[in-house]
Protein chains: 2
Amino acid sequence: MAAPERLSGVLCPVVTPFKDDLSPDLERLVQHCRWLLSQNVGLAVFGTTSEGNSLSVEEKISLLDQLVDAGIEPSRLISGTGHCALTDTVKLTAHAAVLGCAGVLMLPPFYYKDLSDEGLFASFAEVIERVGSDDLRVYLYHIPPIAHVGISPHLVERLVTQYPKTVVGIKDSSGNWGNTDALLQLGLDDFRIFVGSETFLLRNMRHGGAGCISSTVNINPAAIYELYENWQSEKAETMQADLDALRSTVQKYPMIPALKSIIGNLRGETQWQTVRPPLVALGDDQKSKLLDALHELGFQMPGFID
Amino acid sequence: MAAPERLSGVLCPVVTPFKDDLSPDLERLVQHCRWLLSQNVGLAVFGTTSEGNSLSVEEKISLLDQLVDAGIEPSRLISGTGHCALTDTVKLTAHAAVLGCAGVLMLPPFYYKDLSDEGLFASFAEVIERVGSDDLRVYLYHIPPIAHVGISPHLVERLVTQYPKTVVGIKDSSGNWGNTDALLQLGLDDFRIFVGSETFLLRNMRHGGAGCISSTVNINPAAIYELYENWQSEKAETMQADLDALRSTVQKYPMIPALKSIIGNLRGETQWQTVRPPLVALGDDQKSKLLDALHELGFQMPGFID
C-alpha cells in the first residue's frame, strides 16, 4: 500500500443516512458515496455535515470498515476523527490510517473553551505520536462557528514545522476569507488549504488554495467540480455566482436537514430525512418552501446512479 | 437494591488524577474520593472539573467499576454521562444506572449549536427511553459558558412533566442567578436545584434550592458543607464571604490545573499536577503565586486522610 498522496479538488462531507431506529443506514450511505465519486468529488465522511459528532467511535469504525468492504476506495476517502477525548481521537485516527484512508479531518478537542495554542498543540502532537504511522495524513479542521475552538495560523505553522510529512492541510470553515488568506500567506510547502464553503472556491483557487470541502457538494457536486476544474476560464465568475445562489437558498434552512430533504426528494425516499437528535428534520412546510425555491432557481436534478 | 433517593447537599465534581502516560490514576482517585466522603460531601465524577469530556466512554465505565470495587458507595456517587453522540450517552448512562449510582449528571449534546428545544428534548427523551430503567435519576447539566448549548427553564419543565420520576434535578452552572431563580420559580415538585458555584449557595438555600456542586469543593469541602448545614445561622453571611474570597483567589488561574496544583501541594505529590491535553498544567511561577495568595488568605490545609 503506497503512502497517501496529498489531496486537492472538491470533497464532499457526506451526509449520514439513518434508519428509523436511528442506526446508520449503510446501504444508502454506500449508494450516496458511489454517486458522489462518479461526480469526480472525493469523500469526507464524519464531518460536521455528516452528523459525525452524533456517532460513537465504534459506529464510525464499523462504518469505515463497511464502506471499504463495499468497494469504496480508501484513497478517495478522508474521515473526521477529532473527539473531545484524546483516547477517542487516537483510536479512530489509527483505524483510518490502517485502513489506508487518504487522510483524516481532525477537529481540535472542543469541549473546553479559551484554550491556549500550547494545549492544542499538545493535543494534536499526542495524537500523532500515539498513532505513530507514516501513512497518517492529517487535515486540520478549523470551524469556530460550531466548535467554538479554533486553530490559529500560528498553531498551524507550528504543527506543520513539527510534523511536515503528517500535517498536510486544513479545512477552513471560519467563513472568513481573512483567515483563509492568513493561512495562504504562511507559504507552507505543499500545504493543502481547503475552504469550507464553495462561496470562497474561486478566490481560494486564485490565491493558490487546494479546493473546497463543502456541505452543498452533497447535492451539487458536478457544478462545484466544474468551477474547480475551470477556475481560470472566462466563465468562472458566472459559475461562482450560480453556486452562490444555490447555496444561499439552501442555507436559509438548517443545512443538514435541508440537504437530507433534498436528497430524499430527488431519490423519492422519505427515509433520507431522518436525522439524529439533537437535530430536527424539516417540517413539511419548510420542505416544500425549500423545494419550491430550488425549482424557481432552476436547480438541475443531478443524475443519480445506483 | 433500593431505588436512589433524590439528592441534596454539597457534591464535589471530583478532579481526575492522571499518571505520566495520561491514563487515569485509580489509586489517587480513590484516595481523593474517600477523603471527600469523609468531609460529608457527595461525589460527582466525570463533570467538567473532572476533565470528564477528555475521557472515553470505555475509560469512564472502567473507572466507575473500579471505584465501586474499591468500596466507594454508588449511593454517594453521580456520574457525568452526557456526550455528543446519542449512543455514547446511552451506553454510559445505562452503566451508571445498573451500578446503582445515585444519579447521572447529563450534559446536552454539545457539538451542534443553536439547537431547538425540540431537538434537545428529543435527545434527552431518547436516552431515557433507551436506558429504560426505573433506577435512573437524571440531573440535567446546564453550563452554557463552556458547553455553549444550554437547557432552558422551559425545556426543564417539559422534561420533568414527561419523566417526573427520572428527571429529578439540575446543576445550574450558568453563573447567572437570574437563571437559577427562574428554575426555582417553576415550582416543580421535589425538583433538586444545585448551583454550580458556592458563590450562590446561600442564596440558593434561602430560595428553596438543594445545594451546590462546585469545583472548589475539591479543596474546600468542609467549609462549603458548613454553610450548607448552617445556612439559617447568624454567621451564614460571613461564611459565604469567606467562601467567596477563596474562590475568587483560585479562579484567577485556570480552575482545573489550579485545583490539581493545590491538591498536589497539600499532599506533597507533583503527580497530581498532570492534566490531559488540551488543558495545560500551571507553570511554576503561576503555582507559587497561587499558593502564596492562598497562604495570605489564611487558607486552612484540610486534614487529608488516606
# chains A, B, ... in the order shown; residues from 1 in each chain; ligands from 1

$ select_by_dssp --residues "region 68-248 of chain B" --states "strand (DSSP E)" --output "NGL selection string"
:B and (77-80 or 103-106 or 138-142 or 167-172 or 192-195 or 211-213)

$ write_last_selection --atoms "C-alpha atoms" --output "PDB file, in the first residue's frame"
ATOM      1  CA  LEU B  77     -21.948   8.932  43.586  1.00  0.00           C
ATOM      2  CA  ILE B  78     -23.332  10.556  40.469  1.00  0.00           C
ATOM      3  CA  SER B  79     -21.600  10.324  37.107  1.00  0.00           C
ATOM      4  CA  GLY B  80     -21.356  12.736  34.220  1.00  0.00           C
ATOM      5  CA  GLY B 103     -27.837   9.526  39.505  1.00  0.00           C
ATOM      6  CA  VAL B 104     -26.232  10.888  36.386  1.00  0.00           C
ATOM      7  CA  LEU B 105     -25.279  14.456  35.536  1.00  0.00           C
ATOM      8  CA  MET B 106     -26.260  14.849  31.904  1.00  0.00           C
ATOM      9  CA  VAL B 138     -31.127  12.322  35.799  1.00  0.00           C
ATOM     10  CA  TYR B 139     -29.683  15.629  36.967  1.00  0.00           C
ATOM     11  CA  LEU B 140     -29.580  17.957  33.979  1.00  0.00           C
ATOM     12  CA  TYR B 141     -26.331  19.841  33.472  1.00  0.00           C
ATOM     13  CA  HIS B 142     -26.702  23.447  32.330  1.00  0.00           C
ATOM     14  CA  VAL B 167     -35.593  13.870  35.724  1.00  0.00           C
ATOM     15  CA  VAL B 168     -35.144  14.901  39.348  1.00  0.00           C
ATOM     16  CA  GLY B 169     -32.738  17.837  39.375  1.00  0.00           C
ATOM     17  CA  ILE B 170     -30.362  20.208  37.664  1.00  0.00           C
ATOM     18  CA  LYS B 171     -26.929  21.672  38.122  1.00  0.00           C
ATOM     19  CA  ASP B 172     -27.082  25.305  37.057  1.00  0.00           C
ATOM     20  CA  ARG B 192     -33.461  19.427  43.162  1.00  0.00           C
ATOM     21  CA  ILE B 193     -31.734  22.603  42.046  1.00  0.00           C
ATOM     22  CA  PHE B 194     -27.982  22.779  42.602  1.00  0.00           C
ATOM     23  CA  VAL B 195     -25.920  25.854  41.856  1.00  0.00           C
ATOM     24  CA  GLY B 211     -27.249  22.708  47.475  1.00  0.00           C
ATOM     25  CA  CYS B 212     -24.245  23.103  45.238  1.00  0.00           C
ATOM     26  CA  ILE B 213     -21.925  21.079  43.016  1.00  0.00           C
TER      27      ILE B 213
END

$ residues_around --residues "Arg158 (chain A)" --least-positions-apart "2" --cutoff "12 Å" --atoms "only C-alpha atoms" --output "JSON, numbers by chain"
{"A": [117, 118, 120, 121, 122, 124, 125, 151, 152, 153, 154, 155, 156, 160, 161, 162, 163, 164, 167, 186, 188]}

$ closest_residue --among "B:Gly298, B:Gly100, B:Gly187, B:Pro278" --to "chain A" --atoms "only C-alpha atoms"
B:Pro278

$ select_by_dssp --residues "region 22-87 of chain A" --states "helix (DSSP H, G or I)" --output "NGL selection string"
:A and (26-38 or 52-54 or 57-69 or 74-76 or 86-87)

$ atom_distance --atom1 "CA of Leu11 (chain B)" --atom2 "CA of Gln300 (chain B)"
19.9 Å

$ interface_residues --of "chain A" --to "chain B" --cutoff "7 Å" --atoms "only C-alpha atoms" --output "PyMOL selection string"
chain A and resi 53-56+84-88+109+111-113+115+119-120+122-123+146-147+277-280

$ atom_distance --atom1 "CA of Leu136 (chain A)" --atom2 "CA of Val149 (chain A)"
23.2 Å

$ atom_distance --atom1 "CA of Leu183 (chain B)" --atom2 "CA of Val14 (chain B)"
25.2 Å

$ residues_around --residues "Phe299 (chain B)" --least-positions-apart "2" --cutoff "10 Å" --atoms "only C-alpha atoms" --output "PyMOL selection string"
chain B and resi 219-220+242+245-246+291+293-297+301-302

$ residues_around --residues "Ser261 (chain A)" --least-positions-apart "6" --cutoff "9 Å" --atoms "only C-alpha atoms" --output "JSON, numbers by chain"
{"A": [270, 272, 273, 274, 281, 282, 287, 291]}

$ write_last_selection --atoms "N, CA and C atoms" --output "mmCIF file, in the first residue's frame"
data_model
loop_
_atom_site.group_PDB
_atom_site.id
_atom_site.type_symbol
_atom_site.label_atom_id
_atom_site.label_comp_id
_atom_site.auth_asym_id
_atom_site.auth_seq_id
_atom_site.Cartn_x
_atom_site.Cartn_y
_atom_site.Cartn_z
ATOM 1 N N THR A 270 -38.350 8.993 1.575
ATOM 2 C CA THR A 270 -38.507 9.832 2.765
ATOM 3 C C THR A 270 -37.571 9.396 3.898
ATOM 4 N N TRP A 272 -34.596 9.183 3.906
ATOM 5 C CA TRP A 272 -33.422 10.062 3.889
ATOM 6 C C TRP A 272 -33.550 11.261 4.830
ATOM 7 N N GLN A 273 -34.787 11.601 5.178
ATOM 8 C CA GLN A 273 -34.974 12.809 6.006
ATOM 9 C C GLN A 273 -34.579 12.629 7.464
ATOM 10 N N THR A 274 -34.398 11.375 7.892
ATOM 11 C CA THR A 274 -34.134 11.115 9.308
ATOM 12 C C THR A 274 -32.791 11.709 9.743
ATOM 13 N N ALA A 281 -35.587 17.109 11.789
ATOM 14 C CA ALA A 281 -35.895 17.110 10.350
ATOM 15 C C ALA A 281 -36.748 18.326 9.994
ATOM 16 N N LEU A 282 -36.652 18.763 8.740
ATOM 17 C CA LEU A 282 -37.503 19.876 8.304
ATOM 18 C C LEU A 282 -38.972 19.471 8.407
ATOM 19 N N LYS A 287 -40.042 22.166 4.088
ATOM 20 C CA LYS A 287 -39.537 21.346 2.996
ATOM 21 C C LYS A 287 -40.127 21.790 1.659
ATOM 22 N N LEU A 291 -38.053 23.298 -1.523
ATOM 23 C CA LEU A 291 -38.060 22.659 -2.841
ATOM 24 C C LEU A 291 -38.608 23.612 -3.907
#

$ decode --residues "region 16-87 of chain B" --atoms "C-alpha atoms" --output "CSV table (one decimal), in the first residue's frame"
chain,number,residue,atom,x,y,z
B,16,THR,CA,-9.3,13.1,37.8
B,17,PRO,CA,-5.7,12.4,38.6
B,18,PHE,CA,-3.5,11.1,35.7
B,19,LYS,CA,-0.3,9.1,35.5
B,20,ASP,CA,2.6,10.2,33.4
B,21,ASP,CA,1.2,8.3,30.4
B,22,LEU,CA,-2.0,10.3,30.8
B,23,SER,CA,-4.0,7.2,31.9
B,24,PRO,CA,-6.4,7.7,34.9
B,25,ASP,CA,-4.6,7.2,38.2
B,26,LEU,CA,-7.1,5.0,40.1
B,27,GLU,CA,-5.3,4.8,43.3
B,28,ARG,CA,-5.1,8.6,43.7
B,29,LEU,CA,-8.7,9.0,42.6
B,30,VAL,CA,-10.0,6.5,45.2
B,31,GLN,CA,-7.9,8.3,47.9
B,32,HIS,CA,-9.3,11.7,46.9
B,33,CYS,CA,-12.9,10.3,46.8
B,34,ARG,CA,-12.6,8.7,50.3
B,35,TRP,CA,-11.3,12.0,51.7
B,36,LEU,CA,-14.2,13.9,50.1
B,37,LEU,CA,-16.7,11.5,51.5
B,38,SER,CA,-15.2,11.9,55.0
B,39,GLN,CA,-15.9,15.6,54.7
B,40,ASN,CA,-19.7,15.0,54.2
B,41,VAL,CA,-19.8,15.8,50.5
B,42,GLY,CA,-21.1,13.6,47.7
B,43,LEU,CA,-19.2,12.7,44.6
B,44,ALA,CA,-19.9,13.9,41.1
B,45,VAL,CA,-17.3,12.2,38.9
B,46,PHE,CA,-16.8,13.0,35.2
B,47,GLY,CA,-18.1,16.5,35.3
B,48,THR,CA,-16.3,19.5,33.7
B,49,THR,CA,-13.8,19.8,36.6
B,50,SER,CA,-13.1,16.1,36.3
B,51,GLU,CA,-11.9,16.5,32.7
B,52,GLY,CA,-14.8,14.1,32.1
B,53,ASN,CA,-15.0,15.0,28.5
B,54,SER,CA,-11.4,14.2,28.0
B,55,LEU,CA,-12.1,10.6,28.8
B,56,SER,CA,-13.6,8.0,26.5
B,57,VAL,CA,-16.8,6.1,27.5
B,58,GLU,CA,-14.7,3.0,28.0
B,59,GLU,CA,-12.4,4.7,30.4
B,60,LYS,CA,-15.3,6.1,32.4
B,61,ILE,CA,-17.1,2.7,32.6
B,62,SER,CA,-13.9,1.1,33.7
B,63,LEU,CA,-13.3,3.8,36.4
B,64,LEU,CA,-16.9,3.6,37.7
B,65,ASP,CA,-16.5,-0.2,38.1
B,66,GLN,CA,-13.2,0.2,39.8
B,67,LEU,CA,-14.4,2.9,42.2
B,68,VAL,CA,-17.3,0.7,43.3
B,69,ASP,CA,-15.0,-2.3,43.6
B,70,ALA,CA,-12.8,-0.1,45.8
B,71,GLY,CA,-15.6,0.4,48.2
B,72,ILE,CA,-17.0,3.8,47.1
B,73,GLU,CA,-20.7,3.6,47.8
B,74,PRO,CA,-22.6,4.2,44.5
B,75,SER,CA,-25.4,5.8,46.5
B,76,ARG,CA,-23.0,8.7,47.2
B,77,LEU,CA,-21.9,8.9,43.6
B,78,ILE,CA,-23.3,10.6,40.5
B,79,SER,CA,-21.6,10.3,37.1
B,80,GLY,CA,-21.4,12.7,34.2
B,81,THR,CA,-22.7,10.9,31.2
B,82,GLY,CA,-23.7,13.4,28.5
B,83,HIS,CA,-21.8,13.0,25.2
B,84,CYS,CA,-22.3,14.4,21.8
B,85,ALA,CA,-23.3,11.0,20.4
B,86,LEU,CA,-26.6,9.6,21.5
B,87,THR,CA,-25.2,6.1,21.5
